[in-house]
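First up is the structure itself, then whatever we jot down about it.
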Amino acid sequence: MAADGTKSCLWLLIAFLLSNSLFGKRLQIFTDGHKALNDAIVKQFGWHKNMQIVLDWFHLCKKFKEELSMGMKGRKLRNETLRAVMPLLWHGLTNKAISYLENIPASEIKDDNHIQKLIDYLGRNISSIPNYDMRKRLNLRNSSNVGEKMNDLVVSNRQKKNGMSWAKKGSLNLAIITTLKINDEYHNWFRNKEVKFSLAA
């Protein structure tokens, strides 16, 4: 799917789920924990009884590596903190991870604003942090890597090369055409101005 913003994309998703009678299924949405995105999802799908937002493990790791690199005094202390905190988060022990961050000695911290950002990030996303280890054991997904790959195919591969600059309208139009191509619907669209609004077989 390609749309000009979060709200439009969520509306498309709702239409797709309705069109394919999928609202009886469990709806699980992976995000990077961005507050505006999570708020938009809850606003559109909060009524759905079987909906869960899961914080993507890759983005969680990336967030911690970046913030701790700026917050701790040196790579050694950063890596020690990562080795202590990430196993807690992997097992869904978010409160213990928060407690660990809150009790890092001040002598080891370069900039406590970045440590506080992580504490706030975890507190904000606590309901979206599952036991990733258990999910892996149950062969459940912990990452939005499929969605990330689709984003690469639809946008990044064509629109994010060095020196490129796109207007919003041009970027969206190219993304829509690329999406039609990936979905093998471009012949149908160009000939009949229609697309199949269903799951791939």
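Naming scheme: A, B, ... for chains in displayed order of the structure tokens; residues 1 onward per chain; ligands 1 onward as shown.
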Give the helix (DSSP H, G or I) residues of stretch 5-39 of chain A, as assigned by DSSP on the backbone, as a PyMOL selection string. chain A and resi 6-19+35-39
Determine which residues of stretch 6-199 of chain A receive a DSSP assignment of strand (DSSP E), computed from the backbone, and state them as a ChimeraX atom specification. /A:27-31,51-55
So that I can see what lies close to A:Ile98, please list as a list in words the residues with an atom at most 8 Å from it, counting only C-alpha atoms and leaving out residues fewer than 5 positions away in the same chain. Ile119, Leu122 and Gly123 of chain A
Writer output for current selection, C-alpha atoms, as a compact mmCIF listing (two decimals), in the first residue's frame:
# COMPACT_ATOMS: atom_id res chain seq x y z
CA ILE A 119 13.51 5.69 30.35
CA LEU A 122 10.33 2.42 27.65
CA GLY A 123 7.63 3.89 29.89
Once you count only C-alpha atoms, what closest atom pair and distance in Å to one decimal does each residue of stretch 87-148 of chain A within 10 Å of stretch 33-36 of chain A have, with rows by chain and rising residue number, as a Markdown table?
| residue | atom | partner | partner_atom | distance |
| --- | --- | --- | --- | --- |
| A:Tyr121 | CA | A:Gly33 | CA | 7.7 |
| A:Leu122 | CA | A:Gly33 | CA | 9.0 |
| A:Arg124 | CA | A:Lys35 | CA | 7.9 |
| A:Asn125 | CA | A:Gly33 | CA | 6.4 |
| A:Ile126 | CA | A:Gly33 | CA | 9.9 |
| A:Ser128 | CA | A:Gly33 | CA | 8.2 |
| A:Ile129 | CA | A:Gly33 | CA | 9.7 |
Atomic separation - atom CA of A:Asp39 relative to atom CA of A:Asn183, Å: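 Separation between atom CA of A:Asn183 and atom CA of A:Asp39: 29.1 Å.
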So how far away is atom CA of A:Ala175 from atom CA of A:Arg191, in Å?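 Between atom CA of A:Arg191 and atom CA of A:Ala175 the gap is 19.2 Å.
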Report as a PyMOL selection string all protein, DNA and RNA residues lying within 10 Å of stretch 82-94 of chain A, evaluated on only C-alpha atoms, omitting residues in the same chain fewer than 3 positions from it. chain A and resi 57+60-61+64-65+68+76-79+97-101+119+122-123+125-135
Quick one: residues within 10 Å of stretch 40-47 of chain A, only C-alpha atoms counted, chain neighbours fewer than 3 positions away excluded, as a list in words? Thr6, Lys7, Leu10, Trp11, Ile14, Leu27, Ile29, Thr31, Lys35, Ala36, Leu37, Asn50, Met51, Gln52 and Ile53 of chain A
Atomic separation - atom CA of A:His48 relative to atom CA of A:Asn95, Å: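 Computing the Euclidean distance for atom CA of A:Asn95 and atom CA of A:His48 yields 27.0 Å.
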Nearest to A:Ser107, restricted to only C-alpha atoms and choosing among A:Phe197, A:Leu18, A:Gly74, A:Ile177, comes out as A:Gly74
